>>> print(open('protein-v5.cif').read())   # mmCIF, C-alpha atoms and all ligand atoms
data_start
#
loop_
_atom_site.group_PDB
_atom_site.id
_atom_site.type_symbol
_atom_site.label_atom_id
_atom_site.label_comp_id
_atom_site.auth_asym_id
_atom_site.auth_seq_id
_atom_site.Cartn_x
_atom_site.Cartn_y
_atom_site.Cartn_z
ATOM 1 C CA THR A 1 0.000 0.000 0.000
ATOM 2 C CA ILE A 2 1.045 3.549 -0.726
ATOM 3 C CA LYS A 3 1.707 5.789 2.235
ATOM 4 C CA ALA A 4 3.716 8.553 0.559
ATOM 5 C CA VAL A 5 4.422 10.055 -2.835
ATOM 6 C CA ILE A 6 7.768 11.826 -3.187
ATOM 7 C CA PHE A 7 8.018 14.312 -6.030
ATOM 8 C CA ASP A 8 10.994 15.681 -7.899
ATOM 9 C CA LEU A 9 10.685 19.437 -8.471
ATOM 10 C CA ASP A 10 12.275 20.662 -11.706
ATOM 11 C CA GLY A 11 10.431 19.149 -14.660
ATOM 12 C CA VAL A 12 7.752 17.417 -12.565
ATOM 13 C CA LEU A 13 5.946 20.195 -10.684
ATOM 14 C CA THR A 14 7.127 23.149 -12.804
ATOM 15 C CA ASP A 15 9.241 23.940 -15.842
ATOM 16 C CA THR A 16 12.428 25.305 -14.309
ATOM 17 C CA ALA A 17 14.379 22.932 -16.597
ATOM 18 C CA HIS A 18 14.129 25.581 -19.282
ATOM 19 C CA TYR A 19 15.624 28.263 -17.013
ATOM 20 C CA HIS A 20 18.475 25.946 -16.026
ATOM 21 C CA PHE A 21 19.064 25.409 -19.753
ATOM 22 C CA GLN A 22 19.147 29.127 -20.534
ATOM 23 C CA ALA A 23 21.567 29.862 -17.701
ATOM 24 C CA TRP A 24 23.907 26.969 -18.569
ATOM 25 C CA GLN A 25 23.817 27.826 -22.248
ATOM 26 C CA ALA A 26 24.793 31.451 -21.604
ATOM 27 C CA LEU A 27 27.709 30.284 -19.459
ATOM 28 C CA ALA A 28 28.827 27.639 -21.956
ATOM 29 C CA HIS A 29 28.771 30.134 -24.820
ATOM 30 C CA GLU A 30 30.847 32.550 -22.774
ATOM 31 C CA LEU A 31 33.400 29.737 -22.409
ATOM 32 C CA GLY A 32 33.242 29.037 -26.154
ATOM 33 C CA ILE A 33 31.533 25.664 -25.612
ATOM 34 C CA SER A 34 28.416 24.672 -27.556
ATOM 35 C CA PHE A 35 25.407 23.640 -25.479
ATOM 36 C CA THR A 36 22.107 22.515 -26.968
ATOM 37 C CA GLU A 37 18.682 21.624 -25.609
ATOM 38 C CA GLN A 38 19.659 17.992 -26.235
ATOM 39 C CA ASP A 39 22.807 18.390 -24.123
ATOM 40 C CA ASN A 40 20.575 19.795 -21.392
ATOM 41 C CA GLU A 41 18.718 16.447 -21.205
ATOM 42 C CA GLN A 42 21.898 14.931 -19.763
ATOM 43 C CA LEU A 43 21.886 17.473 -16.951
ATOM 44 C CA LYS A 44 18.358 16.972 -15.669
ATOM 45 C CA GLY A 45 18.524 15.926 -12.044
ATOM 46 C CA VAL A 46 22.310 16.417 -12.002
ATOM 47 C CA ASP A 47 23.593 18.804 -9.315
ATOM 48 C CA ARG A 48 25.310 22.128 -9.990
ATOM 49 C CA LEU A 49 28.945 21.020 -9.853
ATOM 50 C CA GLY A 50 28.198 17.834 -11.786
ATOM 51 C CA SER A 51 26.486 19.906 -14.480
ATOM 52 C CA LEU A 52 29.378 22.364 -14.798
ATOM 53 C CA ARG A 53 31.892 19.537 -15.038
ATOM 54 C CA TRP A 54 29.800 17.796 -17.704
ATOM 55 C CA ILE A 55 29.863 20.972 -19.834
ATOM 56 C CA LEU A 56 33.617 21.486 -19.371
ATOM 57 C CA GLN A 57 34.187 17.833 -20.236
ATOM 58 C CA GLN A 58 32.539 18.374 -23.640
ATOM 59 C CA ALA A 59 35.468 20.653 -24.501
ATOM 60 C CA GLN A 60 38.092 18.565 -22.659
ATOM 61 C CA ARG A 61 38.489 21.436 -20.246
ATOM 62 C CA GLN A 62 39.353 21.293 -16.577
ATOM 63 C CA LEU A 63 39.392 24.237 -14.186
ATOM 64 C CA SER A 64 40.656 24.960 -10.690
ATOM 65 C CA PRO A 65 38.204 24.592 -7.801
ATOM 66 C CA GLU A 66 38.208 28.422 -7.464
ATOM 67 C CA GLU A 67 37.243 28.883 -11.120
ATOM 68 C CA GLU A 68 34.542 26.218 -10.773
ATOM 69 C CA THR A 69 33.091 28.015 -7.763
ATOM 70 C CA ARG A 70 33.093 31.355 -9.587
ATOM 71 C CA LEU A 71 31.335 29.896 -12.637
ATOM 72 C CA MET A 72 28.745 28.100 -10.495
ATOM 73 C CA GLN A 73 27.993 31.388 -8.723
ATOM 74 C CA GLN A 74 27.656 33.157 -12.054
ATOM 75 C CA LYS A 75 25.276 30.511 -13.412
ATOM 76 C CA ASN A 76 23.200 30.564 -10.248
ATOM 77 C CA ALA A 77 22.922 34.377 -10.210
ATOM 78 C CA HIS A 78 21.588 34.212 -13.772
ATOM 79 C CA TYR A 79 19.205 31.360 -12.844
ATOM 80 C CA LEU A 80 17.880 33.334 -9.850
ATOM 81 C CA GLU A 81 17.187 36.289 -12.159
ATOM 82 C CA LEU A 82 15.270 34.003 -14.507
ATOM 83 C CA ILE A 83 13.102 32.461 -11.771
ATOM 84 C CA ALA A 84 12.500 35.757 -9.927
ATOM 85 C CA HIS A 85 9.201 36.313 -11.714
ATOM 86 C CA MET A 86 7.820 32.783 -11.075
ATOM 87 C CA SER A 87 4.375 32.611 -9.481
ATOM 88 C CA PRO A 88 1.635 30.053 -8.654
ATOM 89 C CA ALA A 89 0.640 30.306 -12.338
ATOM 90 C CA ASP A 90 3.835 28.351 -13.134
ATOM 91 C CA LEU A 91 2.711 25.280 -11.209
ATOM 92 C CA PHE A 92 1.991 22.540 -13.781
ATOM 93 C CA ALA A 93 -1.702 21.825 -14.392
ATOM 94 C CA GLY A 94 -2.907 18.839 -12.396
ATOM 95 C CA VAL A 95 -0.526 19.238 -9.452
ATOM 96 C CA GLN A 96 -2.938 20.972 -7.087
ATOM 97 C CA PRO A 97 -5.836 18.516 -7.656
ATOM 98 C CA LEU A 98 -3.427 15.580 -7.203
ATOM 99 C CA PHE A 99 -2.045 17.027 -3.944
ATOM 100 C CA THR A 100 -5.593 17.585 -2.670
ATOM 101 C CA GLU A 101 -6.573 13.990 -3.460
ATOM 102 C CA LEU A 102 -3.431 12.590 -1.828
ATOM 103 C CA ARG A 103 -4.175 14.587 1.304
ATOM 104 C CA GLN A 104 -7.796 13.360 1.335
ATOM 105 C CA HIS A 105 -6.532 9.767 1.209
ATOM 106 C CA GLY A 106 -4.069 10.349 4.046
ATOM 107 C CA ILE A 107 -1.090 9.837 1.721
ATOM 108 C CA LYS A 108 1.926 11.950 2.630
ATOM 109 C CA ILE A 109 3.561 14.349 0.176
ATOM 110 C CA GLY A 110 7.348 14.699 -0.015
ATOM 111 C CA LEU A 111 9.854 16.556 -2.171
ATOM 112 C CA ALA A 112 13.249 15.202 -3.288
ATOM 113 C CA SER A 113 15.119 17.773 -5.363
ATOM 114 C CA ALA A 114 18.719 18.031 -6.546
ATOM 115 C CA SER A 115 18.366 21.810 -6.507
ATOM 116 C CA LYS A 116 19.749 24.098 -3.819
ATOM 117 C CA ASN A 117 17.052 26.568 -4.852
ATOM 118 C CA ALA A 118 14.172 24.155 -4.211
ATOM 119 C CA ALA A 119 12.803 25.966 -1.136
ATOM 120 C CA MET A 120 12.596 29.238 -3.003
ATOM 121 C CA VAL A 121 10.918 27.673 -6.039
ATOM 122 C CA VAL A 122 8.174 25.908 -4.030
ATOM 123 C CA GLU A 123 7.649 29.161 -2.115
ATOM 124 C CA ARG A 124 7.135 31.051 -5.402
ATOM 125 C CA LEU A 125 4.784 28.325 -6.647
ATOM 126 C CA GLY A 126 2.709 28.755 -3.493
ATOM 127 C CA ILE A 127 2.909 25.081 -2.474
ATOM 128 C CA ALA A 128 5.655 25.178 0.191
ATOM 129 C CA ASN A 129 3.259 24.461 3.063
ATOM 130 C CA GLN A 130 1.700 21.429 1.345
ATOM 131 C CA PHE A 131 4.736 19.183 1.757
ATOM 132 C CA ASP A 132 5.037 16.949 4.793
ATOM 133 C CA TYR A 133 8.798 16.912 4.214
ATOM 134 C CA ILE A 134 11.234 18.611 1.843
ATOM 135 C CA ALA A 135 14.645 17.092 1.053
ATOM 136 C CA ASP A 136 16.934 19.032 -1.279
ATOM 137 C CA ALA A 137 20.554 19.421 -2.352
ATOM 138 C CA ASN A 138 21.411 21.382 0.792
ATOM 139 C CA ASP A 139 20.733 18.300 2.926
ATOM 140 C CA VAL A 140 22.619 15.574 1.060
ATOM 141 C CA VAL A 141 26.177 14.672 0.075
ATOM 142 C CA ASN A 142 25.540 12.379 -2.881
ATOM 143 C CA SER A 143 23.417 13.532 -5.798
ATOM 144 C CA LYS A 144 21.063 11.517 -8.029
ATOM 145 C CA PRO A 145 21.416 8.730 -9.260
ATOM 146 C CA ASP A 146 22.480 8.079 -5.656
ATOM 147 C CA PRO A 147 19.306 7.352 -3.629
ATOM 148 C CA GLU A 148 20.305 9.624 -0.719
ATOM 149 C CA VAL A 149 17.821 12.464 -1.314
ATOM 150 C CA PHE A 150 14.882 10.016 -1.701
ATOM 151 C CA LEU A 151 15.965 8.034 1.366
ATOM 152 C CA LEU A 152 16.169 11.256 3.367
ATOM 153 C CA ALA A 153 12.672 12.226 2.229
ATOM 154 C CA ALA A 154 11.278 8.831 3.294
ATOM 155 C CA THR A 155 12.964 9.105 6.702
ATOM 156 C CA GLY A 156 11.667 12.655 7.108
ATOM 157 C CA LEU A 157 8.159 11.483 6.250
ATOM 158 C CA GLY A 158 8.464 8.501 8.589
ATOM 159 C CA VAL A 159 7.429 6.064 5.842
ATOM 160 C CA ALA A 160 9.230 2.832 4.858
ATOM 161 C CA THR A 161 10.655 3.040 1.317
ATOM 162 C CA THR A 162 8.552 0.064 0.190
ATOM 163 C CA HIS A 163 5.448 2.212 0.820
ATOM 164 C CA CYS A 164 6.793 5.165 -1.186
ATOM 165 C CA ILE A 165 6.282 6.131 -4.810
ATOM 166 C CA GLY A 166 8.801 8.490 -6.432
ATOM 167 C CA VAL A 167 7.926 10.717 -9.401
ATOM 168 C CA GLU A 168 10.759 11.876 -11.687
ATOM 169 C CA ASP A 169 11.442 13.394 -15.121
ATOM 170 C CA ALA A 170 15.165 12.583 -15.188
ATOM 171 C CA VAL A 171 16.976 9.315 -15.951
ATOM 172 C CA ALA A 172 19.264 9.894 -12.956
ATOM 173 C CA GLY A 173 16.193 10.514 -10.804
ATOM 174 C CA VAL A 174 14.433 7.296 -11.831
ATOM 175 C CA GLU A 175 17.643 5.413 -11.026
ATOM 176 C CA ALA A 176 17.768 7.094 -7.609
ATOM 177 C CA ILE A 177 14.165 6.055 -6.847
ATOM 178 C CA ASN A 178 14.836 2.447 -7.861
ATOM 179 C CA ALA A 179 18.061 2.373 -5.852
ATOM 180 C CA ALA A 180 16.085 3.625 -2.822
ATOM 181 C CA GLY A 181 13.801 0.587 -3.146
ATOM 182 C CA MET A 182 10.780 2.700 -4.081
ATOM 183 C CA THR A 183 8.384 2.453 -7.027
ATOM 184 C CA ALA A 184 9.365 4.838 -9.852
ATOM 185 C CA ILE A 185 6.865 6.780 -11.951
ATOM 186 C CA GLY A 186 8.307 8.725 -14.894
ATOM 187 C CA ILE A 187 7.116 11.988 -16.436
ATOM 188 C CA GLY A 188 8.325 12.255 -20.022
ATOM 189 C CA GLU A 189 9.299 9.782 -22.752
ATOM 190 C CA PRO A 190 8.852 6.034 -22.036
ATOM 191 C CA SER A 191 11.865 5.242 -24.262
ATOM 192 C CA VAL A 192 14.083 7.550 -22.189
ATOM 193 C CA LEU A 193 12.694 6.707 -18.749
ATOM 194 C CA ASN A 194 12.630 2.982 -19.452
ATOM 195 C CA ARG A 195 13.446 2.008 -15.882
ATOM 196 C CA ALA A 196 10.246 3.539 -14.499
ATOM 197 C CA ILE A 197 7.305 1.201 -13.857
ATOM 198 C CA LYS A 198 4.971 3.616 -15.667
ATOM 199 C CA VAL A 199 5.559 6.817 -17.662
ATOM 200 C CA TYR A 200 3.104 9.668 -18.265
ATOM 201 C CA PRO A 201 3.623 12.531 -20.740
ATOM 202 C CA SER A 202 2.827 15.091 -18.029
ATOM 203 C CA ILE A 203 1.882 15.157 -14.365
ATOM 204 C CA GLN A 204 -1.671 16.070 -15.340
ATOM 205 C CA LYS A 205 -2.130 12.520 -16.702
ATOM 206 C CA LEU A 206 -1.073 10.963 -13.405
ATOM 207 C CA LYS A 207 -4.207 10.032 -11.444
ATOM 208 C CA LEU A 208 -4.449 8.834 -7.867
ATOM 209 C CA THR A 209 -6.603 5.872 -8.957
ATOM 210 C CA ASP A 210 -3.629 4.581 -11.051
ATOM 211 C CA LEU A 211 -1.285 4.941 -8.095
ATOM 212 C CA LEU A 212 -3.641 3.069 -5.808
ATOM 213 C CA LYS A 213 -3.556 0.085 -8.221
ATOM 214 C CA LEU A 214 0.246 -0.237 -8.029
HETATM 215 P P1 LIG B 301 20.641 24.192 -8.498
HETATM 216 P P2 LIG B 301 15.476 18.498 -9.601
HETATM 217 C C1 LIG B 301 17.765 19.676 -10.441
HETATM 218 O O1 LIG B 301 16.528 19.727 -9.788
HETATM 219 C C2 LIG B 301 17.658 20.035 -11.911
HETATM 220 O O2 LIG B 301 16.938 19.042 -12.621
HETATM 221 C C3 LIG B 301 19.038 20.136 -12.509
HETATM 222 O O3 LIG B 301 18.957 20.507 -13.871
HETATM 223 C C4 LIG B 301 19.859 21.178 -11.736
HETATM 224 O O4 LIG B 301 21.176 21.298 -12.250
HETATM 225 C C5 LIG B 301 19.913 20.759 -10.273
HETATM 226 O O5 LIG B 301 18.588 20.653 -9.786
HETATM 227 C C6 LIG B 301 20.721 21.719 -9.412
HETATM 228 O O6 LIG B 301 20.047 22.930 -9.280
HETATM 229 O O7 LIG B 301 21.743 24.765 -9.329
HETATM 230 O O8 LIG B 301 19.431 25.095 -8.397
HETATM 231 O O9 LIG B 301 21.119 23.712 -7.159
HETATM 232 O O10 LIG B 301 15.008 18.105 -10.976
HETATM 233 O O11 LIG B 301 16.187 17.387 -8.864
HETATM 234 O O12 LIG B 301 14.377 19.127 -8.777
HETATM 235 MG MG MG B 302 13.724 16.950 -12.419
#
>>> encode(input="protein-v5.cif", output="structure tokens", more="lines below")
Ligand code: B16
Ligand code: MG
Amino acid sequence: TIKAVIFDLDGVLTDTAHYHFQAWQALAHELGISFTEQDNEQLKGVDRLGSLRWILQQAQRQLSPEEETRLMQQKNAHYLELIAHMSPADLFAGVQPLFTELRQHGIKIGLASASKNAAMVVERLGIANQFDYIADANDVVNSKPDPEVFLLAATGLGVATTHCIGVEDAVAGVEAINAAGMTAIGIGEPSVLNRAIKVYPSIQKLKLTDLLKL
């Protein structure tokens, strides 16, 4: 039986993936490195340092820790500018009704995000107070595909992992959910998220009745 659903943030509850893309692309171009929307797919669910290193790797570049820190700060400042105008209107359709239904059924709601900006984003979306527990990149050492952030969320919720469902849009995220011993639901392309038990094109298509059958 399901006792908790743990959601990823970027790409599942709202479209910040596009803002991450814009900010990384601007930085990459400044470094003379090409960076496409397709490249960005590889970075979904990957933390900030991991993302920067992936981009540098494309050009066989390596930088000092100081340079890395400076570039990460620059990217994040740009990202914060881009998300500054976010509002409850940016919450994906279907999220609020799903949260309401989960609550009515006594199923807990958790967040497991690789973003250090997660608290600010859920605040802007107007859903911060609807989570029973929020686990984000500030609380963990190992990033997705490591299960740490999902395990922390389950502990915070007080629910055994076998009673948790995880919802993710990233390959690394689906791997993290599976590694945590939870059931993985994907949002996106079934061919890409082929390790999820079920994949929906958007969160709006995910219905509580389907989850209850799992
Ligand atoms: P930040 P999620 C992830 O969030 C994003 O998918 C990923 O693209 C981003 O690089 C990462 O957060 C780190 O974000 O720079 O804000 O700490 O999908 O796990 O909610
Ligand atoms: Mg995501």
>>> closest_residue(input="protein-v5.cif", among="A:Leu80, A:Ala59, A:Val122, A:Ile6", to="A:Gly173", atoms="all atoms listed in the file")
A:Ile6
>>> resolve_selection(input="protein-v5.cif", expression="the PyMOL selection byres (((chain A and resi 146) around 12) and not hetatm)", output="PyMOL selection string")
chain A and resi 45-47+112+114+137+140-145+147-152+171-181
>>> residues_around(input="protein-v5.cif", residues="A:Leu211", least_positions_apart="4", cutoff="12 Å", atoms="only C-alpha atoms", output="PyMOL selection string")
chain A and resi 1-5+98+101-102+105+107+163-167+183-185+197-199+205-207
>>> write_last_selection(input="protein-v5.cif", atoms="C-alpha atoms", output="short mmCIF file (atom, residue, chain, number, x, y, z; two decimals), keeping the file's coordinate frame")
data_model
loop_
_atom_site.label_atom_id
_atom_site.label_comp_id
_atom_site.auth_asym_id
_atom_site.auth_seq_id
_atom_site.Cartn_x
_atom_site.Cartn_y
_atom_site.Cartn_z
CA THR A 1 0.00 0.00 0.00
CA ILE A 2 1.04 3.55 -0.73
CA LYS A 3 1.71 5.79 2.24
CA ALA A 4 3.72 8.55 0.56
CA VAL A 5 4.42 10.06 -2.84
CA LEU A 98 -3.43 15.58 -7.20
CA GLU A 101 -6.57 13.99 -3.46
CA LEU A 102 -3.43 12.59 -1.83
CA HIS A 105 -6.53 9.77 1.21
CA ILE A 107 -1.09 9.84 1.72
CA HIS A 163 5.45 2.21 0.82
CA CYS A 164 6.79 5.16 -1.19
CA ILE A 165 6.28 6.13 -4.81
CA GLY A 166 8.80 8.49 -6.43
CA VAL A 167 7.93 10.72 -9.40
CA THR A 183 8.38 2.45 -7.03
CA ALA A 184 9.36 4.84 -9.85
CA ILE A 185 6.86 6.78 -11.95
CA ILE A 197 7.30 1.20 -13.86
CA LYS A 198 4.97 3.62 -15.67
CA VAL A 199 5.56 6.82 -17.66
CA LYS A 205 -2.13 12.52 -16.70
CA LEU A 206 -1.07 10.96 -13.40
CA LYS A 207 -4.21 10.03 -11.44
#
>>> closest_residue(input="protein-v5.cif", among="A:Ala153, A:Ala160, A:Leu212, A:Ala170", to="A:Leu193", atoms="all atoms listed in the file")
A:Ala170
>>> residues_near_ligand(input="protein-v5.cif", ligand="ligand LIG 301 (chain B)", cutoff="8 Å", atoms="only C-alpha atoms and all ligand atoms", output="PyMOL selection string")
chain A and resi 8-12+16-17+20-21+40+43-48+50-51+72+75-76+79+112-118+136-137+144+168-170+173
>>> write_last_selection(input="protein-v5.cif", atoms="C-alpha atoms", output="short mmCIF file (atom, residue, chain, number, x, y, z; two decimals), in the frame of the given file")
data_model
loop_
_atom_site.label_atom_id
_atom_site.label_comp_id
_atom_site.auth_asym_id
_atom_site.auth_seq_id
_atom_site.Cartn_x
_atom_site.Cartn_y
_atom_site.Cartn_z
CA ASP A 8 10.99 15.68 -7.90
CA LEU A 9 10.68 19.44 -8.47
CA ASP A 10 12.28 20.66 -11.71
CA GLY A 11 10.43 19.15 -14.66
CA VAL A 12 7.75 17.42 -12.56
CA THR A 16 12.43 25.30 -14.31
CA ALA A 17 14.38 22.93 -16.60
CA HIS A 20 18.48 25.95 -16.03
CA PHE A 21 19.06 25.41 -19.75
CA ASN A 40 20.58 19.80 -21.39
CA LEU A 43 21.89 17.47 -16.95
CA LYS A 44 18.36 16.97 -15.67
CA GLY A 45 18.52 15.93 -12.04
CA VAL A 46 22.31 16.42 -12.00
CA ASP A 47 23.59 18.80 -9.32
CA ARG A 48 25.31 22.13 -9.99
CA GLY A 50 28.20 17.83 -11.79
CA SER A 51 26.49 19.91 -14.48
CA MET A 72 28.74 28.10 -10.50
CA LYS A 75 25.28 30.51 -13.41
CA ASN A 76 23.20 30.56 -10.25
CA TYR A 79 19.20 31.36 -12.84
CA ALA A 112 13.25 15.20 -3.29
CA SER A 113 15.12 17.77 -5.36
CA ALA A 114 18.72 18.03 -6.55
CA SER A 115 18.37 21.81 -6.51
CA LYS A 116 19.75 24.10 -3.82
CA ASN A 117 17.05 26.57 -4.85
CA ALA A 118 14.17 24.16 -4.21
CA ASP A 136 16.93 19.03 -1.28
CA ALA A 137 20.55 19.42 -2.35
CA LYS A 144 21.06 11.52 -8.03
CA GLU A 168 10.76 11.88 -11.69
CA ASP A 169 11.44 13.39 -15.12
CA ALA A 170 15.16 12.58 -15.19
CA GLY A 173 16.19 10.51 -10.80
#
>>> atom_distance(input="protein-v5.cif", atom1="atom CA of A:Met120", atom2="atom CA of A:Glu37")
24.6 Å
>>> closest_residue(input="protein-v5.cif", among="A:Leu13, A:Val192, A:Leu71, A:Ala119", to="ligand MG 302 (chain B)", atoms="all atoms listed in the file")
A:Leu13
>>> atom_distance(input="protein-v5.cif", atom1="atom CA of A:Gln42", atom2="atom CA of A:Ile55")
10.0 Å
>>> residues_around(input="protein-v5.cif", residues="A:Leu31", least_positions_apart="3", cutoff="12 Å", atoms="all atoms listed in the file", output="ChimeraX atom specification")
/A:24-28,34-35,52,55-56,58-59,61-63,67,71
>>> axis_aligned_box(input="protein-v5.cif", around="stretch 141-146 of chain A", padding_each_side="3 Å", output="JSON")
{"center_x": 23.6, "center_y": 11.4, "center_z": -4.6, "size_x": 11.1, "size_y": 12.6, "size_z": 15.3}
>>> residues_around(input="protein-v5.cif", residues="A:Glu81", least_positions_apart="4", cutoff="12 Å", atoms="only C-alpha atoms", output="CSV table (one decimal) with C-alpha atoms, in the frame of the given file")
chain,number,residue,atom,x,y,z
A,19,TYR,CA,15.6,28.3,-17.0
A,20,HIS,CA,18.5,25.9,-16.0
A,22,GLN,CA,19.1,29.1,-20.5
A,23,ALA,CA,21.6,29.9,-17.7
A,74,GLN,CA,27.7,33.2,-12.1
A,75,LYS,CA,25.3,30.5,-13.4
A,76,ASN,CA,23.2,30.6,-10.2
A,77,ALA,CA,22.9,34.4,-10.2
A,85,HIS,CA,9.2,36.3,-11.7
A,86,MET,CA,7.8,32.8,-11.1
>>> residues_around(input="protein-v5.cif", residues="A:Ser87", least_positions_apart="6", cutoff="12 Å", atoms="all atoms listed in the file", output="PyMOL selection string")
chain A and resi 14-16+120-127
>>> atom_distance(input="protein-v5.cif", atom1="atom CA of A:Val95", atom2="atom CA of A:Gln204")
6.8 Å
>>> closest_residue(input="protein-v5.cif", among="A:Ile187, A:Phe92, A:Arg53, A:Glu30", to="ligand MG 302 (chain B)", atoms="all atoms listed in the file")
A:Ile187
>>> closest_residue(input="protein-v5.cif", among="A:Ile33, A:Asp210, A:Glu41, A:Gln104", to="ligand MG 302 (chain B)", atoms="only C-alpha atoms and all ligand atoms")
A:Glu41
>>> closest_residue(input="protein-v5.cif", among="A:Gly94, A:Thr69, A:Phe7, A:Trp54", to="ligand MG 302 (chain B)", atoms="all atoms listed in the file")
A:Phe7
>>> resolve_selection(input="protein-v5.cif", expression="the PyMOL selection byres (((chain A and resi 110) around 6) and not hetatm)", output="list in words")
Ile6, Ile109, Leu111, Phe131, Asp132, Tyr133 and Ile134 of chain A
